[in-house]
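With PDB, C-alpha atoms inside, this is coords-v7.pdb:
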ATOM      1  CA  MET A   1      56.169  -8.085  41.245  1.00  0.00           C
ATOM      2  CA  LYS A   2      53.424  -6.552  43.433  1.00  0.00           C
ATOM      3  CA  ILE A   3      53.119  -3.659  41.007  1.00  0.00           C
ATOM      4  CA  LEU A   4      52.713  -6.053  38.068  1.00  0.00           C
ATOM      5  CA  ILE A   5      49.999  -8.023  39.884  1.00  0.00           C
ATOM      6  CA  THR A   6      48.231  -4.782  40.816  1.00  0.00           C
ATOM      7  CA  ILE A   7      48.355  -3.582  37.194  1.00  0.00           C
ATOM      8  CA  LEU A   8      46.974  -6.920  35.959  1.00  0.00           C
ATOM      9  CA  ILE A   9      44.129  -6.790  38.488  1.00  0.00           C
ATOM     10  CA  ILE A  10      43.259  -3.198  37.575  1.00  0.00           C
ATOM     11  CA  THR A  11      43.449  -4.004  33.846  1.00  0.00           C
ATOM     12  CA  GLY A  12      41.190  -7.020  34.311  1.00  0.00           C
ATOM     13  CA  PHE A  13      38.723  -4.955  36.310  1.00  0.00           C
ATOM     14  CA  ILE A  14      38.664  -2.219  33.645  1.00  0.00           C
ATOM     15  CA  PHE A  15      38.153  -4.835  30.922  1.00  0.00           C
ATOM     16  CA  LEU A  16      35.205  -6.433  32.759  1.00  0.00           C
ATOM     17  CA  LEU A  17      33.678  -3.046  33.541  1.00  0.00           C
ATOM     18  CA  SER A  18      33.948  -1.903  29.922  1.00  0.00           C
ATOM     19  CA  ARG A  19      32.294  -5.129  28.672  1.00  0.00           C
ATOM     20  CA  PHE A  20      29.459  -4.669  31.151  1.00  0.00           C
ATOM     21  CA  LEU A  21      28.960  -1.017  30.185  1.00  0.00           C
ATOM     22  CA  PHE A  22      29.075  -1.813  26.462  1.00  0.00           C
ATOM     23  CA  ARG A  23      26.562  -4.639  26.839  1.00  0.00           C
ATOM     24  CA  SER A  24      24.245  -2.383  28.894  1.00  0.00           C
ATOM     25  CA  SER A  25      24.430   0.424  26.349  1.00  0.00           C
ATOM     26  CA  VAL A  26      23.643  -1.952  23.475  1.00  0.00           C
ATOM     27  CA  LYS A  27      20.592  -3.296  25.312  1.00  0.00           C
ATOM     28  CA  ARG A  28      19.499   0.230  26.223  1.00  0.00           C
ATOM     29  CA  LEU A  29      19.807   1.295  22.572  1.00  0.00           C
ATOM     30  CA  ALA A  30      17.876  -1.800  21.461  1.00  0.00           C
ATOM     31  CA  ASN A  31      15.095  -1.055  23.948  1.00  0.00           C
ATOM     32  CA  ASP A  32      14.890   2.549  22.739  1.00  0.00           C
ATOM     33  CA  MET A  33      14.702   1.379  19.139  1.00  0.00           C
ATOM     34  CA  VAL A  34      11.956  -1.132  19.982  1.00  0.00           C
ATOM     35  CA  ARG A  35       9.977   1.751  21.460  1.00  0.00           C
ATOM     36  CA  TYR A  36      10.077   3.545  18.101  1.00  0.00           C
ATOM     37  CA  VAL A  37       9.153   0.348  16.236  1.00  0.00           C
ATOM     38  CA  ASP A  38       6.148   0.152  18.553  1.00  0.00           C
ATOM     39  CA  ILE A  39       5.229   3.765  17.741  1.00  0.00           C
ATOM     40  CA  ILE A  40       5.227   2.881  14.040  1.00  0.00           C
ATOM     41  CA  LYS A  41       3.161  -0.247  14.734  1.00  0.00           C
ATOM     42  CA  LEU A  42       0.679   1.778  16.788  1.00  0.00           C
ATOM     43  CA  THR A  43       0.406   4.356  14.008  1.00  0.00           C
ATOM     44  CA  LEU A  44      -0.245   1.600  11.449  1.00  0.00           C
ATOM     45  CA  TYR A  45      -2.851   0.119  13.765  1.00  0.00           C
ATOM     46  CA  LYS A  46      -4.646   3.484  14.057  1.00  0.00           C
ATOM     47  CA  ILE A  47      -4.615   4.094  10.295  1.00  0.00           C
ATOM     48  CA  LEU A  48      -6.039   0.647   9.644  1.00  0.00           C
ATOM     49  CA  GLN A  49      -8.553   0.653  12.492  1.00  0.00           C
ATOM     50  CA  ASP A  50      -9.936   4.058  11.438  1.00  0.00           C
ATOM     51  CA  LYS A  51     -10.516   2.691   7.928  1.00  0.00           C
ATOM     52  CA  PHE A  52     -12.026  -0.574   9.162  1.00  0.00           C
ATOM     53  CA  LEU A  53     -14.406   1.166  11.581  1.00  0.00           C
ATOM     54  CA  ILE A  54     -16.002   2.682   8.477  1.00  0.00           C
ATOM     55  CA  ASP A  55     -15.588  -0.165   5.976  1.00  0.00           C
ATOM     56  CA  TYR A  56     -16.682  -2.909   8.378  1.00  0.00           C
ATOM     57  CA  SER A  57     -19.020  -0.885  10.613  1.00  0.00           C
ATOM     58  CA  GLU A  58     -21.660  -3.619  10.492  1.00  0.00           C
ATOM     59  CA  LYS A  59     -19.179  -6.052  12.084  1.00  0.00           C
ATOM     60  CA  GLY A  60     -18.401  -3.753  15.017  1.00  0.00           C
ATOM     61  CA  LYS A  61     -15.470  -2.112  16.741  1.00  0.00           C
ATOM     62  CA  ASP A  62     -13.909  -5.374  17.979  1.00  0.00           C
ATOM     63  CA  TYR A  63     -13.765  -6.728  14.435  1.00  0.00           C
ATOM     64  CA  ALA A  64     -12.133  -3.520  13.148  1.00  0.00           C
ATOM     65  CA  GLY A  65      -9.567  -3.603  15.949  1.00  0.00           C
ATOM     66  CA  THR A  66      -8.765  -7.277  15.483  1.00  0.00           C
ATOM     67  CA  MET A  67      -8.483  -6.829  11.710  1.00  0.00           C
ATOM     68  CA  ALA A  68      -6.058  -3.917  12.202  1.00  0.00           C
ATOM     69  CA  ALA A  69      -4.010  -5.825  14.806  1.00  0.00           C
ATOM     70  CA  THR A  70      -3.875  -8.899  12.578  1.00  0.00           C
ATOM     71  CA  ILE A  71      -2.525  -6.904   9.644  1.00  0.00           C
ATOM     72  CA  VAL A  72       0.116  -5.162  11.765  1.00  0.00           C
ATOM     73  CA  ASN A  73       1.114  -8.543  13.205  1.00  0.00           C
ATOM     74  CA  GLU A  74       1.240  -9.976   9.684  1.00  0.00           C
ATOM     75  CA  PHE A  75       3.565  -7.149   8.607  1.00  0.00           C
ATOM     76  CA  PHE A  76       5.906  -7.881  11.526  1.00  0.00           C
ATOM     77  CA  ASP A  77       5.470 -11.645  11.528  1.00  0.00           C
ATOM     78  CA  SER A  78       4.403 -11.461  15.167  1.00  0.00           C
ATOM     79  CA  HIS A  79       1.020 -13.158  15.395  1.00  0.00           C
ATOM     80  CA  ASN A  80      -0.440 -14.290  18.673  1.00  0.00           C
ATOM     81  CA  ASP A  81      -3.022 -17.089  18.851  1.00  0.00           C
ATOM     82  CA  LYS A  82      -5.959 -14.689  18.379  1.00  0.00           C
ATOM     83  CA  THR A  83      -4.582 -12.916  15.301  1.00  0.00           C
ATOM     84  CA  LYS A  84      -3.263 -16.157  13.800  1.00  0.00           C
ATOM     85  CA  GLU A  85      -6.769 -17.646  13.971  1.00  0.00           C
ATOM     86  CA  PHE A  86      -8.363 -14.414  12.741  1.00  0.00           C
ATOM     87  CA  PHE A  87      -5.951 -14.380   9.799  1.00  0.00           C
ATOM     88  CA  LYS A  88      -6.936 -17.928   8.813  1.00  0.00           C
ATOM     89  CA  GLU A  89     -10.654 -17.118   9.057  1.00  0.00           C
ATOM     90  CA  ASN A  90     -10.433 -13.810   7.150  1.00  0.00           C
ATOM     91  CA  GLU A  91      -7.434 -14.259   4.867  1.00  0.00           C
ATOM     92  CA  GLU A  92      -9.194 -13.074   1.714  1.00  0.00           C
ATOM     93  CA  ASP A  93     -10.322  -9.764   3.290  1.00  0.00           C
ATOM     94  CA  ILE A  94      -6.921  -9.303   4.936  1.00  0.00           C
ATOM     95  CA  GLN A  95      -5.050  -9.833   1.657  1.00  0.00           C
ATOM     96  CA  LYS A  96      -7.392  -7.337  -0.042  1.00  0.00           C
ATOM     97  CA  GLU A  97      -6.823  -4.768   2.710  1.00  0.00           C
ATOM     98  CA  ILE A  98      -3.051  -5.208   2.656  1.00  0.00           C
ATOM     99  CA  LYS A  99      -3.036  -4.639  -1.100  1.00  0.00           C
ATOM    100  CA  PHE A 100      -5.245  -1.560  -0.683  1.00  0.00           C
ATOM    101  CA  PHE A 101      -2.985  -0.247   2.075  1.00  0.00           C
ATOM    102  CA  ALA A 102       0.186  -0.732   0.024  1.00  0.00           C
ATOM    103  CA  GLU A 103      -1.341   1.021  -2.988  1.00  0.00           C
ATOM    104  CA  ASN A 104      -2.859   3.926  -1.060  1.00  0.00           C
ATOM    105  CA  HIS A 105      -0.183   4.662   1.539  1.00  0.00           C
ATOM    106  CA  PRO A 106       3.139   4.863  -0.312  1.00  0.00           C
ATOM    107  CA  ASP A 107       4.331   7.358   2.325  1.00  0.00           C
ATOM    108  CA  ILE A 108       4.270   4.551   4.905  1.00  0.00           C
ATOM    109  CA  LYS A 109       6.538   2.148   2.992  1.00  0.00           C
ATOM    110  CA  ARG A 110       9.795   3.705   4.250  1.00  0.00           C
ATOM    111  CA  PRO A 111       8.691   3.671   7.917  1.00  0.00           C
ATOM    112  CA  ILE A 112       7.522   0.046   7.607  1.00  0.00           C
ATOM    113  CA  THR A 113      10.732  -0.970   5.829  1.00  0.00           C
ATOM    114  CA  ASP A 114      12.922   0.690   8.442  1.00  0.00           C
ATOM    115  CA  ALA A 115      10.789  -0.606  11.315  1.00  0.00           C
ATOM    116  CA  LEU A 116      11.101  -4.176  10.011  1.00  0.00           C
ATOM    117  CA  ARG A 117      14.869  -3.836   9.701  1.00  0.00           C
ATOM    118  CA  VAL A 118      15.151  -2.363  13.188  1.00  0.00           C
ATOM    119  CA  TYR A 119      12.717  -4.943  14.605  1.00  0.00           C
ATOM    120  CA  PHE A 120      14.896  -7.873  13.519  1.00  0.00           C
ATOM    121  CA  GLN A 121      18.123  -6.070  14.372  1.00  0.00           C
ATOM    122  CA  THR A 122      16.956  -5.352  17.928  1.00  0.00           C
ATOM    123  CA  LYS A 123      15.847  -8.961  18.347  1.00  0.00           C
ATOM    124  CA  TYR A 124      19.442  -9.924  17.593  1.00  0.00           C
ATOM    125  CA  MET A 125      20.858  -7.210  19.865  1.00  0.00           C
ATOM    126  CA  THR A 126      18.777  -8.361  22.837  1.00  0.00           C
ATOM    127  CA  THR A 127      18.976 -12.134  22.354  1.00  0.00           C
ATOM    128  CA  GLY A 128      22.271 -12.624  20.535  1.00  0.00           C
ATOM    129  CA  THR A 129      20.564 -14.925  18.031  1.00  0.00           C
ATOM    130  CA  ILE A 130      19.380 -14.226  14.515  1.00  0.00           C
ATOM    131  CA  ASP A 131      15.719 -14.882  13.800  1.00  0.00           C
ATOM    132  CA  ASN A 132      15.776 -17.636  11.172  1.00  0.00           C
ATOM    133  CA  ASN A 133      12.638 -16.277   9.501  1.00  0.00           C
ATOM    134  CA  PHE A 134      13.798 -12.747   8.834  1.00  0.00           C
ATOM    135  CA  HIS A 135      14.487 -13.417   5.132  1.00  0.00           C
ATOM    136  CA  GLU A 136      10.987 -14.842   4.714  1.00  0.00           C
ATOM    137  CA  SER A 137       9.498 -11.892   6.611  1.00  0.00           C
ATOM    138  CA  PHE A 138      11.271  -9.403   4.350  1.00  0.00           C
ATOM    139  CA  GLN A 139      10.209 -11.328   1.239  1.00  0.00           C
ATOM    140  CA  LYS A 140       6.603 -11.439   2.410  1.00  0.00           C
ATOM    141  CA  ALA A 141       6.686  -7.668   3.019  1.00  0.00           C
ATOM    142  CA  ILE A 142       8.154  -7.164  -0.472  1.00  0.00           C
ATOM    143  CA  ASP A 143       5.416  -9.357  -1.953  1.00  0.00           C
ATOM    144  CA  TYR A 144       2.792  -7.318  -0.084  1.00  0.00           C
ATOM    145  CA  GLY A 145       4.258  -4.145  -1.578  1.00  0.00           C
ATOM    146  CA  ILE A 146       5.073  -2.556   1.788  1.00  0.00           C
ATOM    147  CA  PHE A 147       8.855  -3.051   1.842  1.00  0.00           C
ATOM    148  CA  ILE A 148      11.466  -1.123  -0.113  1.00  0.00           C
ATOM    149  CA  LYS A 149      14.260  -3.411  -1.330  1.00  0.00           C
ATOM    150  CA  GLY A 150      17.851  -2.381  -0.840  1.00  0.00           C
ATOM    151  CA  GLY A 151      19.327  -0.112   1.762  1.00  0.00           C
ATOM    152  CA  GLU A 152      20.395  -0.659   5.326  1.00  0.00           C
ATOM    153  CA  SER A 153      18.994  -0.268   8.790  1.00  0.00           C
ATOM    154  CA  PRO A 154      18.535   3.392   9.618  1.00  0.00           C
ATOM    155  CA  LYS A 155      20.654   5.248  12.135  1.00  0.00           C
ATOM    156  CA  SER A 156      18.986   5.417  15.539  1.00  0.00           C
ATOM    157  CA  ASP A 157      18.427   9.195  15.483  1.00  0.00           C
ATOM    158  CA  THR A 158      17.025   9.113  11.959  1.00  0.00           C
ATOM    159  CA  PHE A 159      14.692   6.267  12.851  1.00  0.00           C
ATOM    160  CA  ARG A 160      13.499   7.989  16.023  1.00  0.00           C
ATOM    161  CA  GLU A 161      12.765  11.231  14.162  1.00  0.00           C
ATOM    162  CA  MET A 162      10.907   9.378  11.403  1.00  0.00           C
ATOM    163  CA  ALA A 163       8.781   7.403  13.891  1.00  0.00           C
ATOM    164  CA  LEU A 164       7.869  10.506  15.866  1.00  0.00           C
ATOM    165  CA  ALA A 165       7.069  12.501  12.709  1.00  0.00           C
ATOM    166  CA  LEU A 166       4.826   9.700  11.435  1.00  0.00           C
ATOM    167  CA  ALA A 167       3.033   9.477  14.781  1.00  0.00           C
ATOM    168  CA  GLU A 168       2.544  13.236  14.824  1.00  0.00           C
ATOM    169  CA  LYS A 169       1.189  13.213  11.260  1.00  0.00           C
ATOM    170  CA  TYR A 170      -1.453  10.649  12.265  1.00  0.00           C
ATOM    171  CA  LYS A 171      -2.056  12.239  15.681  1.00  0.00           C
ATOM    172  CA  ILE A 172      -0.586   9.459  17.785  1.00  0.00           C
ATOM    173  CA  ASN A 173       1.098  10.314  21.045  1.00  0.00           C
ATOM    174  CA  GLU A 174       3.415   8.017  22.984  1.00  0.00           C
ATOM    175  CA  ASN A 175       0.732   7.423  25.618  1.00  0.00           C
ATOM    176  CA  SER A 176      -1.892   6.161  23.147  1.00  0.00           C
TER     177      SER A 176
END

Step by step, read the file and then write its structure as structure tokens.
Amino acid sequence: MKILITILIITGFIFLLSRFLFRSSVKRLANDMVRYVDIIKLTLYKILQDKFLIDYSEKGKDYAGTMAATIVNEFFDSHNDKTKEFFKENEEDIQKEIKFFAENHPDIKRPITDALRVYFQTKYMTTGTIDNNFHESFQKAIDYGIFIKGGESPKSDTFREMALALAEKYKINENS
């Protein structure tokens, strides 16, 4: 009887430990993946800001930076109060720039597509809830011409390598 109780206690302990370790590893993986989503977002921001510093030079550096941030936030459906307001005030220019971006940077569509998939997947992994707007976000990205329909979320190693290669191509380092 004592042996049976001891076995049950040990089994219960192993079960609880394995659940804890699994949950920790999932959150760790999600956090790593978010880091690579952020690298892609930062690279997009740099590409856009560099263009806007030239195209909107008369409006200044702050305008170029806010325009770039607003577009990246629009892509990822992650506006803050500042970019939401900026979007409303400059929607025509933003729509024009998104169209230009989609037409002139076809090499960025796969990274954006994968980053969006990973972005919503990691939100689920860290919160346990599905973002109700993810279908609308994907459809908006498709309508903008920056999302490739079909396919699945990339494997973590593949996504990491793609994000780092894109950042290297556009001279972004992780400390930017």

* Which neighbours of stretch 114-127 of chain A fall inside 7 Å, counting only C-alpha atoms, when residues of the same chain fewer than 3 positions from it are skipped, and could you give them as number ranges by chain? -> A: 26-27, 30, 34, 37, 76, 110-111, 130, 134, 153-154

* Expected selection from the PyMOL selection byres ((chain A and resi 47) around 12), given as number ranges by chain -> A: 40-46, 48-54, 64-65, 67-69, 71-72, 97, 101, 104-105, 108, 166-167, 169-172

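The space separating atom CA of A:Asn73 from atom CA of A:Asp38 comes to 11.4 Å.
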
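Counting from atom CA of A:Phe87, the distance to atom CA of A:Ile142 is 18.9 Å.
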
* Pick from A:Asp32, A:Asp143, A:Lys155, A:Glu168 nearest to A:Gln95, counting all atoms listed in the file -> A:Asp143

* To do: Quote the spacing between atom CA of A:Ile148 and atom CA of A:Asn133 in Å to one decimal place.
  =>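 Pair atom CA of A:Ile148 / atom CA of A:Asn133 returns 18.0 Å.
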